[in-house]
Structure formats: structure tokens, C-alpha cells
Amino acid sequence: IDAYQHRPLTSCGRDAERVHALLSRHADGSKNFESRLVTDAYYRLDRDTLWQFARTLLSHEADVAALYFAGHGGVDDEGGYIRAREREGDAPGSERLRMADLLELAHGSPVREIIVLLDCCSAGAFANLGGGRHRAVLDHGLTIIAAARPDQEALEQPEGGVFTSLLCEALAGGAADVRGQVTMASAYAYLHESLGAWDQRPLLKAHVSRLVPLRACAAAVSDDILRRLPQWFPLAHDAYALDPAHEPSCEPIDPERESVFAALQKCRAAKLVEPLGHEHMFQAAVSRGACRLTPLGRHYHRMVVHGHL
């Protein structure tokens, strides 16, 4: 919502469009969320309309539902709220949609996993007990990333909200893991590292037993290569012997070893593999050295061995 009668905003509609575009499609163009864009360019988003959209989103069974809001928010004696559009003749405060009401809606929803992304002032009050600042209550399956603490403003710049701009960078690949997956945890880590101690502080609140991918980006290493790690390293701490035949510039050409070396080079770039005693993989190959898995590489090795990938 941008078009508030009092203290209008300028970038919330554009921010919603950016998040909608990123969550609707994965990086390769394949379908992601069945996303619906709701901005005051198309709807008069008073309190009742906002509430109805939220109820529609959370009233039907689904594996995952995500709710993103950009606009005004605040905290009063009753707790946190987000502000809808004002209506002529309504009593002051009637435009406030209570975060506690949205929380109850989420707690009673048949949706298995619910994601809430709030870019508004005092967003960190969402799910806090009694509107307090230090204790929260979440049903299983609920994850929240709030743009700021309950007592902080969520800043807006000409190019967009600070929180949403960083969130979009995270969704575009900044928070992707080796396989290209962006989760709420990795998105929050990106936000946390991007904002300093004196900036608005985003909050992560979660009660989950799994991390639901938000978006798939380009993988640094394909699953096909990851599944071959136990072939090259039968045990996670084994070393893989290299020789000059792995290096493409060496004669005679050995296509099979060159293919393995190219895959190991990708693993090296993704910090899954490291050469032993050399700075570069080609040096290890020419000098008949070896390479081994890094701790991160051993993590993916375990995933393959245990059938999780």
C-alpha cells in the first residue's frame, strides 16, 4: 500500500511487484508459487479487503503459503498492527489490522507451512505475546521474517524498501546454496549480514522441522555431479589421486579424466573440494598430487550416501 491519506509511501507497490515476479518463477523460468499481486493500483485496500485476502490465502489446504506485505505498521497498547487504507468517516484506528488476528488466522489454517514476510515499521511485533517485545508464540510450520524490531522503523529509499531490496537480491541468487536453493534461513542470513548493528534489524521467527525452498536459482554444482562424489571419494576423508592426464593441456588427451577434472574444478569453485599441498587444482594434477573434500563437500557426500539427494 502506497496511497495512504496520511504519510503516503512511494515504493511499496513496486516492491510487491518485484517480490511477486521472483516468487512466481524460478530462475530457469519454471513455475514456483501461484502468486497473486494485490496492490492499491488495482484494489482499494481498506482493512476489510486486506482481511479477506488474508483469509482467502490461508483458508484452503496447501503445502506452502506465503504472505508478503509492504506498507505502514506500528505498535500500540494492544500490540502490533499493519495499516490498511483509511476510509472516509471511519473512527481513528479502524484501519489497523491486528497482527494478533493474522496470527490466529495462521494458527487455525490448514496450510502445512506458512511464510510471512513483513516490510513495515514494528514488523517484529508479529507473533509476540501480548504485544510484548521479548516473547513469541508460533504454531508448528510458521516462519516469519520481519523487516525491523518492534520499536524500529522499516526504512524506504527511492529505489525501494531497504528490507525488500535485500530480500529480492537474496531471492535472485544472493542467498542460494550450492544446489541453487534459497530458503528462509539463507535469505535471513543474507539480510543479517547486509545490515549492520546500527541499521534496522530484521528478525527471524520460526517453528519448523524442515526448510522450505523459496526459490531455485542456478546451481553452482549440479545434482548429477554431487551424486558422483562417493565414486571419487569412497570415504568422506579419502583423497582423490590426480595426474597430468586430468589436465586438458597435457598429452595424450584422456576425455574421461578430463571430464572428471572439469567436474572437480566446479566443486573446487563451490568450496566442496580442495587440492592437497597446492593452491590450484591444475598444479596438483601436473605434479601428480591429490584433492580431498572440504567440510562442506563432506556434507554433500553424506547427503548422497544417505539417499537424501
# chains A, B, ... in the order shown; residues from 1 in each chain; ligands from 1
$ select_by_dssp --residues "range 8-132 of chain A" --states "strand (DSSP E or B)" --output "list in words"
Arg25, Lys31, Val64, Ala65, Ala66, Leu67, Tyr68, Phe69, Ala70, Gly73, Gly74, Val75, Asp76, Gly79, Gly80, Tyr81, Ile82, Arg83, Arg96, Leu97, Arg98, Glu113, Ile114, Ile115, Val116, Leu117, Leu118, Asp119 and Asn128 of chain A
$ residues_around --residues "Ala175 in chain A" --least-positions-apart "3" --cutoff "8 Å" --atoms "only C-alpha atoms" --output "list in words"
Glu169, Ala170, Leu171, Ala172, Gln181, Val182, Thr183, Ser186, Ala187, Ala189 and Tyr190 of chain A
$ write_last_selection --atoms "N, CA, C and O atoms" --output "PDB file, in the first residue's frame"
ATOM      1  N   GLU A 169      17.413  -9.356  -3.657  1.00  0.00           N
ATOM      2  CA  GLU A 169      18.761  -9.794  -4.016  1.00  0.00           C
ATOM      3  C   GLU A 169      19.006 -11.223  -3.536  1.00  0.00           C
ATOM      4  O   GLU A 169      19.617 -12.036  -4.237  1.00  0.00           O
ATOM      5  N   ALA A 170      18.521 -11.529  -2.328  1.00  0.00           N
ATOM      6  CA  ALA A 170      18.664 -12.887  -1.798  1.00  0.00           C
ATOM      7  C   ALA A 170      17.919 -13.886  -2.672  1.00  0.00           C
ATOM      8  O   ALA A 170      18.458 -14.949  -3.022  1.00  0.00           O
ATOM      9  N   LEU A 171      16.685 -13.551  -3.060  1.00  0.00           N
ATOM     10  CA  LEU A 171      15.878 -14.454  -3.891  1.00  0.00           C
ATOM     11  C   LEU A 171      16.449 -14.596  -5.291  1.00  0.00           C
ATOM     12  O   LEU A 171      16.267 -15.635  -5.937  1.00  0.00           O
ATOM     13  N   ALA A 172      17.140 -13.575  -5.769  1.00  0.00           N
ATOM     14  CA  ALA A 172      17.716 -13.618  -7.112  1.00  0.00           C
ATOM     15  C   ALA A 172      18.994 -14.450  -7.184  1.00  0.00           C
ATOM     16  O   ALA A 172      19.541 -14.634  -8.268  1.00  0.00           O
ATOM     17  N   GLN A 181      19.364 -23.478  -4.117  1.00  0.00           N
ATOM     18  CA  GLN A 181      18.151 -23.328  -3.334  1.00  0.00           C
ATOM     19  C   GLN A 181      18.246 -22.127  -2.386  1.00  0.00           C
ATOM     20  O   GLN A 181      19.252 -21.951  -1.695  1.00  0.00           O
ATOM     21  N   VAL A 182      17.187 -21.312  -2.364  1.00  0.00           N
ATOM     22  CA  VAL A 182      17.067 -20.212  -1.409  1.00  0.00           C
ATOM     23  C   VAL A 182      15.986 -20.583  -0.410  1.00  0.00           C
ATOM     24  O   VAL A 182      14.844 -20.868  -0.792  1.00  0.00           O
ATOM     25  N   THR A 183      16.308 -20.613   0.869  1.00  0.00           N
ATOM     26  CA  THR A 183      15.350 -20.904   1.927  1.00  0.00           C
ATOM     27  C   THR A 183      15.162 -19.668   2.795  1.00  0.00           C
ATOM     28  O   THR A 183      15.894 -18.679   2.670  1.00  0.00           O
ATOM     29  N   SER A 186      18.456 -19.091   4.698  1.00  0.00           N
ATOM     30  CA  SER A 186      19.542 -18.486   3.929  1.00  0.00           C
ATOM     31  C   SER A 186      19.204 -17.047   3.542  1.00  0.00           C
ATOM     32  O   SER A 186      20.084 -16.188   3.486  1.00  0.00           O
ATOM     33  N   ALA A 187      17.921 -16.766   3.288  1.00  0.00           N
ATOM     34  CA  ALA A 187      17.519 -15.388   2.993  1.00  0.00           C
ATOM     35  C   ALA A 187      17.750 -14.502   4.207  1.00  0.00           C
ATOM     36  O   ALA A 187      18.236 -13.368   4.090  1.00  0.00           O
ATOM     37  N   ALA A 189      19.942 -15.039   6.616  1.00  0.00           N
ATOM     38  CA  ALA A 189      21.388 -14.881   6.788  1.00  0.00           C
ATOM     39  C   ALA A 189      21.913 -13.772   5.879  1.00  0.00           C
ATOM     40  O   ALA A 189      22.779 -12.977   6.278  1.00  0.00           O
ATOM     41  N   TYR A 190      21.400 -13.708   4.652  1.00  0.00           N
ATOM     42  CA  TYR A 190      21.810 -12.660   3.705  1.00  0.00           C
ATOM     43  C   TYR A 190      21.413 -11.284   4.251  1.00  0.00           C
ATOM     44  O   TYR A 190      22.214 -10.336   4.222  1.00  0.00           O
TER      45      TYR A 190
END
$ residues_around --residues "range 238-246 of chain A" --least-positions-apart "4" --cutoff "10 Å" --atoms "only C-alpha atoms" --output "short mmCIF file (atom, residue, chain, number, x, y, z; two decimals) with N, CA, C and O atoms, in the first residue's frame"
data_model
loop_
_atom_site.label_atom_id
_atom_site.label_comp_id
_atom_site.auth_asym_id
_atom_site.auth_seq_id
_atom_site.Cartn_x
_atom_site.Cartn_y
_atom_site.Cartn_z
N PRO A 230 30.70 -39.83 -4.03
CA PRO A 230 31.15 -41.10 -3.42
C PRO A 230 31.93 -41.99 -4.39
O PRO A 230 32.66 -42.87 -3.95
N GLN A 231 31.76 -41.78 -5.71
CA GLN A 231 32.57 -42.54 -6.67
C GLN A 231 34.03 -42.11 -6.59
O GLN A 231 34.94 -42.94 -6.67
N TRP A 232 34.26 -40.82 -6.47
CA TRP A 232 35.62 -40.29 -6.44
C TRP A 232 36.22 -40.36 -5.03
O TRP A 232 37.43 -40.50 -4.88
N PHE A 233 35.36 -40.25 -4.04
CA PHE A 233 35.80 -40.29 -2.64
C PHE A 233 34.96 -41.35 -1.92
O PHE A 233 33.95 -41.00 -1.29
N PRO A 234 35.32 -42.64 -2.01
CA PRO A 234 34.51 -43.69 -1.38
C PRO A 234 34.22 -43.42 0.09
O PRO A 234 33.10 -43.66 0.57
N CYS A 250 47.54 -31.38 -21.29
CA CYS A 250 48.55 -32.44 -21.34
C CYS A 250 48.21 -33.46 -22.43
O CYS A 250 47.05 -33.69 -22.76
N GLU A 251 49.24 -34.06 -22.97
CA GLU A 251 49.09 -35.12 -23.97
C GLU A 251 49.52 -36.46 -23.36
O GLU A 251 50.43 -36.50 -22.52
N PRO A 252 48.93 -37.59 -23.75
CA PRO A 252 47.79 -37.69 -24.67
C PRO A 252 46.49 -37.29 -23.98
O PRO A 252 46.39 -37.32 -22.76
N ILE A 253 45.51 -36.93 -24.78
CA ILE A 253 44.23 -36.49 -24.25
C ILE A 253 43.46 -37.70 -23.71
O ILE A 253 43.37 -38.74 -24.36
N ASP A 254 42.91 -37.54 -22.51
CA ASP A 254 42.08 -38.58 -21.89
C ASP A 254 40.71 -37.96 -21.57
O ASP A 254 40.54 -37.33 -20.52
N PRO A 255 39.73 -38.10 -22.48
CA PRO A 255 38.43 -37.42 -22.30
C PRO A 255 37.75 -37.76 -20.98
O PRO A 255 37.14 -36.89 -20.35
N GLU A 256 37.85 -39.02 -20.54
CA GLU A 256 37.17 -39.40 -19.30
C GLU A 256 37.77 -38.68 -18.10
O GLU A 256 37.05 -38.12 -17.26
N ARG A 257 39.09 -38.66 -18.01
CA ARG A 257 39.72 -37.97 -16.89
C ARG A 257 39.54 -36.46 -16.97
O ARG A 257 39.40 -35.79 -15.95
N GLU A 258 39.54 -35.94 -18.18
CA GLU A 258 39.29 -34.50 -18.34
C GLU A 258 37.89 -34.15 -17.85
O GLU A 258 37.69 -33.10 -17.24
N SER A 259 36.92 -35.02 -18.13
CA SER A 259 35.55 -34.79 -17.67
C SER A 259 35.48 -34.79 -16.14
O SER A 259 34.81 -33.94 -15.54
N VAL A 260 36.16 -35.75 -15.53
CA VAL A 260 36.20 -35.80 -14.07
C VAL A 260 36.87 -34.55 -13.52
O VAL A 260 36.38 -33.92 -12.55
N PHE A 261 37.96 -34.13 -14.13
CA PHE A 261 38.70 -32.96 -13.66
C PHE A 261 37.84 -31.69 -13.78
O PHE A 261 37.85 -30.84 -12.88
N ALA A 262 37.08 -31.58 -14.86
CA ALA A 262 36.20 -30.42 -15.04
C ALA A 262 35.14 -30.38 -13.93
O ALA A 262 34.82 -29.31 -13.40
N LEU A 264 35.47 -31.76 -10.92
CA LEU A 264 36.16 -31.44 -9.68
C LEU A 264 36.51 -29.95 -9.60
O LEU A 264 36.51 -29.36 -8.52
N VAL A 273 35.71 -29.04 -2.76
CA VAL A 273 36.94 -29.81 -2.95
C VAL A 273 38.12 -28.85 -2.84
O VAL A 273 38.02 -27.68 -3.25
N GLU A 274 39.27 -29.34 -2.31
CA GLU A 274 40.48 -28.54 -2.24
C GLU A 274 41.69 -29.40 -2.62
O GLU A 274 41.74 -30.59 -2.29
N PRO A 275 42.65 -28.83 -3.36
CA PRO A 275 43.87 -29.58 -3.69
C PRO A 275 44.76 -29.70 -2.45
O PRO A 275 44.76 -28.81 -1.59
N LEU A 276 45.48 -30.77 -2.37
CA LEU A 276 46.39 -31.00 -1.24
C LEU A 276 47.79 -30.49 -1.57
O LEU A 276 48.39 -30.92 -2.57
N MET A 281 44.15 -26.54 -8.61
CA MET A 281 43.93 -27.94 -8.97
C MET A 281 44.86 -28.38 -10.08
O MET A 281 45.36 -29.52 -10.08
N PHE A 282 45.10 -27.50 -11.07
CA PHE A 282 45.96 -27.92 -12.19
C PHE A 282 47.38 -28.19 -11.72
O PHE A 282 48.07 -29.06 -12.25
N GLN A 283 47.85 -27.44 -10.69
CA GLN A 283 49.18 -27.70 -10.13
C GLN A 283 49.23 -29.08 -9.49
O GLN A 283 50.22 -29.81 -9.63
N ALA A 284 48.16 -29.44 -8.78
CA ALA A 284 48.10 -30.76 -8.16
C ALA A 284 48.09 -31.86 -9.21
O ALA A 284 48.70 -32.92 -9.04
N ALA A 285 47.40 -31.61 -10.34
CA ALA A 285 47.34 -32.62 -11.40
C ALA A 285 48.70 -32.80 -12.07
O ALA A 285 49.17 -33.93 -12.25
N VAL A 286 49.34 -31.70 -12.42
CA VAL A 286 50.63 -31.78 -13.12
C VAL A 286 51.69 -32.45 -12.25
O VAL A 286 52.55 -33.18 -12.74
N SER A 287 51.63 -32.21 -10.94
CA SER A 287 52.64 -32.76 -10.03
C SER A 287 52.20 -34.10 -9.42
O SER A 287 52.82 -34.54 -8.46
N ARG A 288 51.16 -34.70 -10.00
CA ARG A 288 50.64 -35.99 -9.51
C ARG A 288 50.28 -35.93 -8.03
O ARG A 288 50.60 -36.82 -7.24
N GLY A 289 49.58 -34.90 -7.69
CA GLY A 289 49.11 -34.73 -6.32
C GLY A 289 47.72 -35.31 -6.12
O GLY A 289 47.34 -36.30 -6.77
N ALA A 290 46.95 -34.69 -5.25
CA ALA A 290 45.62 -35.21 -4.93
C ALA A 290 44.73 -34.07 -4.46
O ALA A 290 45.19 -32.94 -4.22
N CYS A 291 43.45 -34.36 -4.34
CA CYS A 291 42.49 -33.41 -3.78
C CYS A 291 41.61 -34.15 -2.78
O CYS A 291 41.54 -35.38 -2.78
N ARG A 292 40.92 -33.39 -1.97
CA ARG A 292 40.03 -34.00 -0.97
C ARG A 292 38.80 -33.13 -0.78
O ARG A 292 38.77 -31.96 -1.20
N LEU A 293 37.82 -33.69 -0.11
CA LEU A 293 36.60 -32.95 0.19
C LEU A 293 36.84 -31.98 1.35
O LEU A 293 37.53 -32.30 2.31
#
$ closest_residue --among "A:Leu229, A:Val221, A:Asp48, A:Cys120" --to "Arg302 in chain A" --atoms "only C-alpha atoms"
A:Leu229
$ residues_around --residues "Leu37 in chain A" --least-positions-apart "2" --cutoff "8 Å" --atoms "only C-alpha atoms" --output "ChimeraX atom specification"
/A:16-17,20,35,39
$ residues_around --residues "range 149-156 of chain A" --least-positions-apart "6" --cutoff "9 Å" --atoms "only C-alpha atoms" --output "number ranges by chain"
A: 9-12, 72-75, 80, 119-126, 131-133, 162-163, 200-203
$ decode --residues "range 151-164 of chain A" --atoms "N, CA, C and O atoms" --output "PDB file, in the first residue's frame"
ATOM      1  N   ASP A 151      10.306  -1.890  17.900  1.00  0.00           N
ATOM      2  CA  ASP A 151      10.465  -0.469  18.179  1.00  0.00           C
ATOM      3  C   ASP A 151      11.241   0.267  17.091  1.00  0.00           C
ATOM      4  O   ASP A 151      11.715   1.390  17.303  1.00  0.00           O
ATOM      5  N   GLN A 152      11.359  -0.338  15.907  1.00  0.00           N
ATOM      6  CA  GLN A 152      12.151   0.265  14.835  1.00  0.00           C
ATOM      7  C   GLN A 152      11.303   0.597  13.620  1.00  0.00           C
ATOM      8  O   GLN A 152      10.286  -0.057  13.352  1.00  0.00           O
ATOM      9  N   GLU A 153      11.778   1.582  12.857  1.00  0.00           N
ATOM     10  CA  GLU A 153      11.192   1.885  11.564  1.00  0.00           C
ATOM     11  C   GLU A 153      11.785   0.976  10.491  1.00  0.00           C
ATOM     12  O   GLU A 153      12.946   0.567  10.583  1.00  0.00           O
ATOM     13  N   ALA A 154      10.989   0.673   9.492  1.00  0.00           N
ATOM     14  CA  ALA A 154      11.477  -0.013   8.292  1.00  0.00           C
ATOM     15  C   ALA A 154      11.695   1.060   7.234  1.00  0.00           C
ATOM     16  O   ALA A 154      10.737   1.694   6.784  1.00  0.00           O
ATOM     17  N   LEU A 155      12.927   1.261   6.839  1.00  0.00           N
ATOM     18  CA  LEU A 155      13.273   2.408   6.014  1.00  0.00           C
ATOM     19  C   LEU A 155      12.917   2.182   4.546  1.00  0.00           C
ATOM     20  O   LEU A 155      13.012   1.071   4.021  1.00  0.00           O
ATOM     21  N   GLU A 156      12.523   3.277   3.908  1.00  0.00           N
ATOM     22  CA  GLU A 156      12.196   3.272   2.484  1.00  0.00           C
ATOM     23  C   GLU A 156      13.147   4.212   1.772  1.00  0.00           C
ATOM     24  O   GLU A 156      13.386   5.333   2.228  1.00  0.00           O
ATOM     25  N   GLN A 157      13.709   3.750   0.655  1.00  0.00           N
ATOM     26  CA  GLN A 157      14.575   4.572  -0.184  1.00  0.00           C
ATOM     27  C   GLN A 157      13.909   4.755  -1.543  1.00  0.00           C
ATOM     28  O   GLN A 157      12.938   4.049  -1.856  1.00  0.00           O
ATOM     29  N   PRO A 158      14.411   5.679  -2.373  1.00  0.00           N
ATOM     30  CA  PRO A 158      13.780   5.896  -3.678  1.00  0.00           C
ATOM     31  C   PRO A 158      13.676   4.632  -4.522  1.00  0.00           C
ATOM     32  O   PRO A 158      12.700   4.426  -5.257  1.00  0.00           O
ATOM     33  N   GLU A 159      14.681   3.732  -4.410  1.00  0.00           N
ATOM     34  CA  GLU A 159      14.657   2.508  -5.213  1.00  0.00           C
ATOM     35  C   GLU A 159      13.831   1.393  -4.584  1.00  0.00           C
ATOM     36  O   GLU A 159      13.622   0.349  -5.188  1.00  0.00           O
ATOM     37  N   GLY A 160      13.359   1.606  -3.350  1.00  0.00           N
ATOM     38  CA  GLY A 160      12.534   0.587  -2.706  1.00  0.00           C
ATOM     39  C   GLY A 160      12.849   0.468  -1.236  1.00  0.00           C
ATOM     40  O   GLY A 160      13.793   1.074  -0.717  1.00  0.00           O
ATOM     41  N   GLY A 161      12.044  -0.317  -0.531  1.00  0.00           N
ATOM     42  CA  GLY A 161      12.298  -0.556   0.879  1.00  0.00           C
ATOM     43  C   GLY A 161      13.642  -1.232   1.071  1.00  0.00           C
ATOM     44  O   GLY A 161      14.033  -2.092   0.281  1.00  0.00           O
ATOM     45  N   VAL A 162      14.367  -0.850   2.123  1.00  0.00           N
ATOM     46  CA  VAL A 162      15.679  -1.440   2.393  1.00  0.00           C
ATOM     47  C   VAL A 162      15.553  -2.946   2.553  1.00  0.00           C
ATOM     48  O   VAL A 162      16.316  -3.726   1.963  1.00  0.00           O
ATOM     49  N   PHE A 163      14.579  -3.388   3.344  1.00  0.00           N
ATOM     50  CA  PHE A 163      14.370  -4.816   3.585  1.00  0.00           C
ATOM     51  C   PHE A 163      14.045  -5.550   2.290  1.00  0.00           C
ATOM     52  O   PHE A 163      14.649  -6.576   1.961  1.00  0.00           O
ATOM     53  N   THR A 164      13.078  -5.038   1.537  1.00  0.00           N
ATOM     54  CA  THR A 164      12.641  -5.737   0.328  1.00  0.00           C
ATOM     55  C   THR A 164      13.738  -5.751  -0.730  1.00  0.00           C
ATOM     56  O   THR A 164      13.893  -6.749  -1.450  1.00  0.00           O
TER      57      THR A 164
END
